There are 2 protein chains.
Amino acid sequence: MQPNFEKPEWVPPNAGMEYATIIRPGVELVPADHVAAAQQTPQRRNLSIQEYLQGIRQGDRTILGRAISLVESNSLRHLESAQELLTLILPFTGHSFRIGISGAPGAGKSTFIESLGCYLTQLGHKVAVLAVDPSSSISKGSVLGDKTRMEKLVQEPNCFIRPSPSGGALGGVARKTRETVLLCEAAGYEIILIETVGVGQSEIQVRSMVDFFLLLNIPGAGDELQGIKKGIMEIADAVVINKADGDNIPKAKLAQAEYTQALQYIQPATMGWKSSVHLCSSLLNQGISEIWQEILKFQSLVQQNGFFEKRRKEQLREWIHQLIQEYLYNLFYQNSEILQAIPGIEQDVFENRISPTNAARKLIQLLQK
Amino acid sequence: MQPNFEKPEWVPPNAGMEYATIIRPGVELVPADHVAAAQQTPQRRNLSIQEYLQGIRQGDRTILGRAISLVESNSLRHLESAQELLTLILPFTGHSFRIGISGAPGAGKSTFIESLGCYLTQLGHKVAVLAVDPSSSISKGSVLGDKTRMEKLVQEPNCFIRPSPSGGALGGVARKTRETVLLCEAAGYEIILIETVGVGQSEIQVRSMVDFFLLLNIPGAGDELQGIKKGIMEIADAVVINKADGDNIPKAKLAQAEYTQALQYIQPATMGWKSSVHLCSSLLNQGISEIWQEILKFQSLVQQNGFFEKRRKEQLREWIHQLIQEYLYNLFYQNSEILQAIPGIEQDVFENRISPTNAARKLIQLLQK
């Protein structure tokens, strides 16, 4: 069945399928007149690169949103403009503190980010929230859901919230998010919170683009969950036990003790830093300022011992080589002559006429022609 | 400290560092005169491709061993001969049943394989045992250890035992093992047992080159281990609880019940097949024939429903595309002009003069010149 594709608000209404962002029908029913209204949205004028740049530098959130869409576009037509824009904003990037926040579904990431985000904007900081979550970002239900759950934060003028959709391409999620971080930095956001759901490879990707990585847990998540979490704990600069309120407090303290002990046997994620376990209640706004103090202590340490700079360089290097992998892949698999030759050569291998190694070499030779 | 490299017996004595196989000193002390004797081994004559082919087809285990070494060599000089040989043997390959056997260290893989291998050779089968284990295959101690532990099997004239060393290169382990399987098949081995240690990615690699995947466990391995094992259970066609003898029997039966229950919630590794849990004692040779009956039942099912053929094709396709990835990687990272340009372009990125995307494109352009 052909899904009924829709476009999110930040995509130009006349755009085609080249946008990475596609909204699939969520769980909630959308009234038909709402859909009709969305389809009738008046067409927006294309912006010039200079208009994008000025808008971003002036902190215009609508233009920032459109610039992110431009960068997220998979269209070749947009690629050049996006690169031009990214090159222009480079001098204004790199000055934020980037924080990754991960946790299993149900750990209360959205409420935690809302509490932390509101706390930081009240301190006068400009905060951007990016969600790297392939499963939620392509589902209208949960994208809207996230926004609804962060209803206080979304009203803050110093806050920008943006889900970062999966690009479908190899490494797509990571690439778009990194560039989105740069755009937010150029727009003056000093603290970038990158949310990801703690179920697989996405945390490793997010760890490779943040300065501080925070793992959110809930009390009494059971032994099995902890087993799965061990790999993630190895990349965490802090573990936060959320929902430590009311009847949960004894369980939360027990979990704190257990995680603290577990961390003793794990090599710290950041050289010279001892990851520790904190309690918090996003609901009651308790523990948030203590966690922020911990993050500031971390920031001061890594900036003094040079690890901040070192990690940023390593992350940039990793980014470049990931892009190279992706380009090499595209160079090969978007070559029409190769695409035509693949089925026949595969068949030769299936029928023992040629070895897999020679098959691969034959295809590679087509690229080198 | 420079390690004291040695060559295993199947590498020509005058060979250089191009051989993937390097023996590092193991835990046991080797008498100095033994080393001296090894160094004085008389030089063996190089074989022609025809001599390799004839030797393999006649089931000469020494020549088979040398042919595997030829295939494992990373030297460009050997690559062409190896490919020529592999192309010549292709018509004689594909007719074995390939079985992957995995388990955590201590699960008793070697004794299990010895029991199963001896049982199969007594039934008149020719059996090849390949060990894909990067950690043990580069350590003299454990390679010798494996041979010693399989001392009955190693004496069987219908059995060939060979550790498959890590190639160091991207996907090295997998590639060499696949080609080794083909060589063993051409030498008439009807059953190939591929052993791998159950600690990481190696099981996934081995699953992608076998018809049947068996997971070995021991009773009472604890909850934490089971958590880690979940991913591996998803690729297992059978789980075997080893060491189910004496006092272990109650614990083994409990583990059997637990694994059986766990398997209910997991999608079967092979379409149409229900993975089940078996008890065995390699020590007492109990349960081995039942496991073999189970494997035969599986073989009969997948050959009838076409899944055997389908999986073999998918595995070949995966192999080709893994090789392509590897070739693309080498094409780029072995290009001297690119290697020279990388540090400067990375520096440009560090200093915000160029975006990572443009950096990657610039480097890719050097390849396309």
# chains A, B, ... in the order shown; residues from 1 in each chain; ligands from 1
>>> select_by_dssp(residues="stretch 108-350 of chain B", states="strand (DSSP E)", output="NGL selection string")
:B and (127-132 or 159-164 or 191-197 or 212-217 or 238-241 or 276-279)
>>> residues_around(residues="B:Ile191", least_positions_apart="6", cutoff="10 Å", atoms="only C-alpha atoms", output="MDAnalysis selection string")
chainID B and resid 95:99 117 120:121 125:129 159 181 184:185
>>> closest_atom_pairs(of="chain A", to="chain B", cutoff="8 Å", atoms="only C-alpha atoms", output="Markdown table")
| residue | atom | partner | partner_atom | distance |
| --- | --- | --- | --- | --- |
| A:Gln83 | CA | B:Asn358 | CA | 7.4 |
| A:Leu86 | CA | B:Ser355 | CA | 6.9 |
| A:Thr87 | CA | B:Ser355 | CA | 5.8 |
| A:Leu90 | CA | B:Asn352 | CA | 5.6 |
| A:Pro91 | CA | B:Asn352 | CA | 6.2 |
| A:Asp223 | CA | B:Glu224 | CA | 7.5 |
| A:Glu224 | CA | B:Gly227 | CA | 5.7 |
| A:Gly227 | CA | B:Glu224 | CA | 5.8 |
| A:Ile228 | CA | B:Gly227 | CA | 6.7 |
| A:Lys313 | CA | B:Phe350 | CA | 6.3 |
| A:Leu316 | CA | B:Phe350 | CA | 7.1 |
| A:Arg317 | CA | B:Glu346 | CA | 6.6 |
| A:Trp319 | CA | B:Pro356 | CA | 6.8 |
| A:Ile320 | CA | B:Pro356 | CA | 5.2 |
| A:His321 | CA | B:Ala360 | CA | 7.2 |
| A:Leu323 | CA | B:Ala360 | CA | 6.1 |
| A:Ile324 | CA | B:Ala360 | CA | 5.4 |
| A:Gln325 | CA | B:Tyr329 | CA | 7.6 |
| A:Tyr327 | CA | B:Ile364 | CA | 7.4 |
| A:Leu328 | CA | B:Leu328 | CA | 6.6 |
| A:Tyr329 | CA | B:Gln325 | CA | 7.6 |
| A:Glu346 | CA | B:Arg317 | CA | 6.6 |
| A:Val349 | CA | B:Leu316 | CA | 7.4 |
| A:Phe350 | CA | B:Lys313 | CA | 6.3 |
| A:Asn352 | CA | B:Leu90 | CA | 5.6 |
| A:Arg353 | CA | B:Leu90 | CA | 7.3 |
| A:Ile354 | CA | B:Thr87 | CA | 6.3 |
| A:Ser355 | CA | B:Thr87 | CA | 5.8 |
| A:Pro356 | CA | B:Ile320 | CA | 5.2 |
| A:Thr357 | CA | B:Leu323 | CA | 6.7 |
| A:Asn358 | CA | B:Gln83 | CA | 7.4 |
| A:Ala359 | CA | B:Ile320 | CA | 6.9 |
| A:Ala360 | CA | B:Ile324 | CA | 5.4 |
| A:Arg361 | CA | B:Ile324 | CA | 7.6 |
| A:Leu363 | CA | B:Ile324 | CA | 7.9 |
| A:Ile364 | CA | B:Ile324 | CA | 7.0 |
>>> atom_distance(atom1="atom CA of B:Glu190", atom2="atom CA of B:Asn46")
28.2 Å
>>> residues_around(residues="A:Glu234", least_positions_apart="4", cutoff="10 Å", atoms="only C-alpha atoms", output="PyMOL selection string")
chain A and resi 229-230+262-263+265-270+275
>>> residues_around(residues="B:Thr196", least_positions_apart="4", cutoff="8 Å", atoms="only C-alpha atoms", output="list in words")
Gly100, Ile101, Ser102, Gly103, Ala131, Val132, Asp133, Ser202, Glu203 and Val206 of chain B
>>> closest_residue(among="A:Thr177, A:Asn217, A:Gln299, A:Gln340", to="A:Gly108", atoms="only C-alpha atoms")
A:Asn217
>>> closest_residue(among="A:Ala236, A:Ala107, A:Cys280, A:Leu193", to="A:Leu216", atoms="only C-alpha atoms")
A:Ala107
>>> atom_distance(atom1="atom CA of B:Leu53", atom2="atom CA of B:Thr180")
13.9 Å
>>> residues_around(residues="stretch 248-251 of chain B", least_positions_apart="2", cutoff="12 Å", atoms="only C-alpha atoms", output="PyMOL selection string")
chain B and resi 217-222+241-246+253-258+279-281
>>> write_last_selection(atoms="N, CA and C atoms", output="mmCIF file, in the first residue's frame")
data_model
loop_
_atom_site.group_PDB
_atom_site.id
_atom_site.type_symbol
_atom_site.label_atom_id
_atom_site.label_comp_id
_atom_site.auth_asym_id
_atom_site.auth_seq_id
_atom_site.Cartn_x
_atom_site.Cartn_y
_atom_site.Cartn_z
ATOM 1 N N ASN B 217 26.199 -23.317 24.985
ATOM 2 C CA ASN B 217 26.148 -22.652 26.283
ATOM 3 C C ASN B 217 26.472 -23.648 27.369
ATOM 4 N N ILE B 218 26.737 -23.122 28.551
ATOM 5 C CA ILE B 218 26.914 -24.028 29.688
ATOM 6 C C ILE B 218 25.848 -23.708 30.719
ATOM 7 N N PRO B 219 25.474 -24.672 31.547
ATOM 8 C CA PRO B 219 24.422 -24.418 32.537
ATOM 9 C C PRO B 219 24.874 -23.378 33.552
ATOM 10 N N GLY B 220 23.896 -22.561 33.996
ATOM 11 C CA GLY B 220 24.166 -21.617 35.083
ATOM 12 C C GLY B 220 25.136 -20.532 34.734
ATOM 13 N N ALA B 221 25.044 -20.047 33.490
ATOM 14 C CA ALA B 221 25.977 -19.001 33.081
ATOM 15 C C ALA B 221 25.545 -17.632 33.588
ATOM 16 N N GLY B 222 24.403 -17.575 34.270
ATOM 17 C CA GLY B 222 24.006 -16.321 34.908
ATOM 18 C C GLY B 222 23.194 -15.425 34.001
ATOM 19 N N ILE B 241 23.177 -26.951 25.342
ATOM 20 C CA ILE B 241 23.725 -26.755 26.688
ATOM 21 C C ILE B 241 24.752 -27.863 26.897
ATOM 22 N N ASN B 242 25.999 -27.460 26.881
ATOM 23 C CA ASN B 242 27.100 -28.408 27.019
ATOM 24 C C ASN B 242 27.387 -28.674 28.501
ATOM 25 N N LYS B 243 28.208 -29.652 28.758
ATOM 26 C CA LYS B 243 28.606 -30.008 30.125
ATOM 27 C C LYS B 243 27.397 -30.415 30.980
ATOM 28 N N ALA B 244 26.380 -31.013 30.315
ATOM 29 C CA ALA B 244 25.205 -31.478 31.054
ATOM 30 C C ALA B 244 25.491 -32.881 31.578
ATOM 31 N N ASP B 245 26.350 -32.956 32.572
ATOM 32 C CA ASP B 245 26.704 -34.256 33.146
ATOM 33 C C ASP B 245 26.873 -34.124 34.658
ATOM 34 N N GLY B 246 26.733 -35.255 35.374
ATOM 35 C CA GLY B 246 26.946 -35.296 36.826
ATOM 36 C C GLY B 246 26.083 -34.287 37.562
ATOM 37 N N LYS B 253 19.115 -28.665 32.926
ATOM 38 C CA LYS B 253 17.699 -28.762 32.562
ATOM 39 C C LYS B 253 16.993 -27.427 32.776
ATOM 40 N N LEU B 254 17.378 -26.731 33.839
ATOM 41 C CA LEU B 254 16.820 -25.401 34.105
ATOM 42 C C LEU B 254 17.187 -24.444 32.966
ATOM 43 N N ALA B 255 18.465 -24.492 32.591
ATOM 44 C CA ALA B 255 18.928 -23.620 31.502
ATOM 45 C C ALA B 255 18.181 -23.957 30.211
ATOM 46 N N GLN B 256 17.956 -25.260 29.979
ATOM 47 C CA GLN B 256 17.222 -25.680 28.783
ATOM 48 C C GLN B 256 15.821 -25.062 28.767
ATOM 49 N N ALA B 257 15.152 -25.113 29.924
ATOM 50 C CA ALA B 257 13.802 -24.550 30.019
ATOM 51 C C ALA B 257 13.829 -23.042 29.771
ATOM 52 N N GLU B 258 14.819 -22.374 30.373
ATOM 53 C CA GLU B 258 14.914 -20.918 30.221
ATOM 54 C C GLU B 258 15.174 -20.517 28.770
ATOM 55 N N LEU B 279 20.505 -30.811 25.256
ATOM 56 C CA LEU B 279 21.531 -31.044 26.270
ATOM 57 C C LEU B 279 22.601 -31.963 25.694
ATOM 58 N N CYS B 280 23.821 -31.764 26.120
ATOM 59 C CA CYS B 280 24.867 -32.683 25.685
ATOM 60 C C CYS B 280 26.028 -32.696 26.667
ATOM 61 N N SER B 281 26.769 -33.780 26.652
ATOM 62 C CA SER B 281 28.008 -33.844 27.409
ATOM 63 C C SER B 281 29.111 -34.291 26.456
#
>>> atom_distance(atom1="atom CA of A:Met209", atom2="atom CA of A:Tyr333")
27.4 Å
>>> residues_around(residues="B:Leu130", least_positions_apart="2", cutoff="6 Å", atoms="only C-alpha atoms", output="tab-separated table (two decimals) with C-alpha atoms, in the first residue's frame")
chain	number	residue	atom	x	y	z
B	162	ARG	CA	42.82	-25.36	10.47
B	163	PRO	CA	42.74	-22.12	12.41
B	194	ILE	CA	33.40	-23.25	11.61
>>> residues_around(residues="B:Leu47", least_positions_apart="6", cutoff="10 Å", atoms="only C-alpha atoms", output="list in words")
Leu53, Gly55, Ile63, Arg66 and Ala67 of chain B
>>> write_last_selection(atoms="N, CA, C and O atoms", output="JSON list (two decimals), in the first residue's frame")
[["chain", "number", "residue", "atom", "x", "y", "z"],
["B", 53, "LEU", "N", 45.97, -27.67, -7.58],
["B", 53, "LEU", "CA", 44.65, -28.19, -7.93],
["B", 53, "LEU", "C", 44.61, -29.71, -7.79],
["B", 53, "LEU", "O", 43.70, -30.26, -7.15],
["B", 55, "GLY", "N", 46.62, -31.66, -6.06],
["B", 55, "GLY", "CA", 46.79, -32.04, -4.66],
["B", 55, "GLY", "C", 45.48, -31.90, -3.89],
["B", 55, "GLY", "O", 45.10, -32.79, -3.12],
["B", 63, "ILE", "N", 48.98, -30.16, 0.94],
["B", 63, "ILE", "CA", 48.80, -29.20, -0.16],
["B", 63, "ILE", "C", 47.58, -28.32, 0.10],
["B", 63, "ILE", "O", 47.61, -27.11, -0.15],
["B", 66, "ARG", "N", 48.72, -25.65, 2.32],
["B", 66, "ARG", "CA", 49.52, -24.63, 1.62],
["B", 66, "ARG", "C", 48.65, -23.76, 0.73],
["B", 66, "ARG", "O", 48.91, -22.57, 0.57],
["B", 67, "ALA", "N", 47.62, -24.36, 0.14],
["B", 67, "ALA", "CA", 46.71, -23.58, -0.70],
["B", 67, "ALA", "C", 45.97, -22.53, 0.13],
["B", 67, "ALA", "O", 45.78, -21.39, -0.29]]
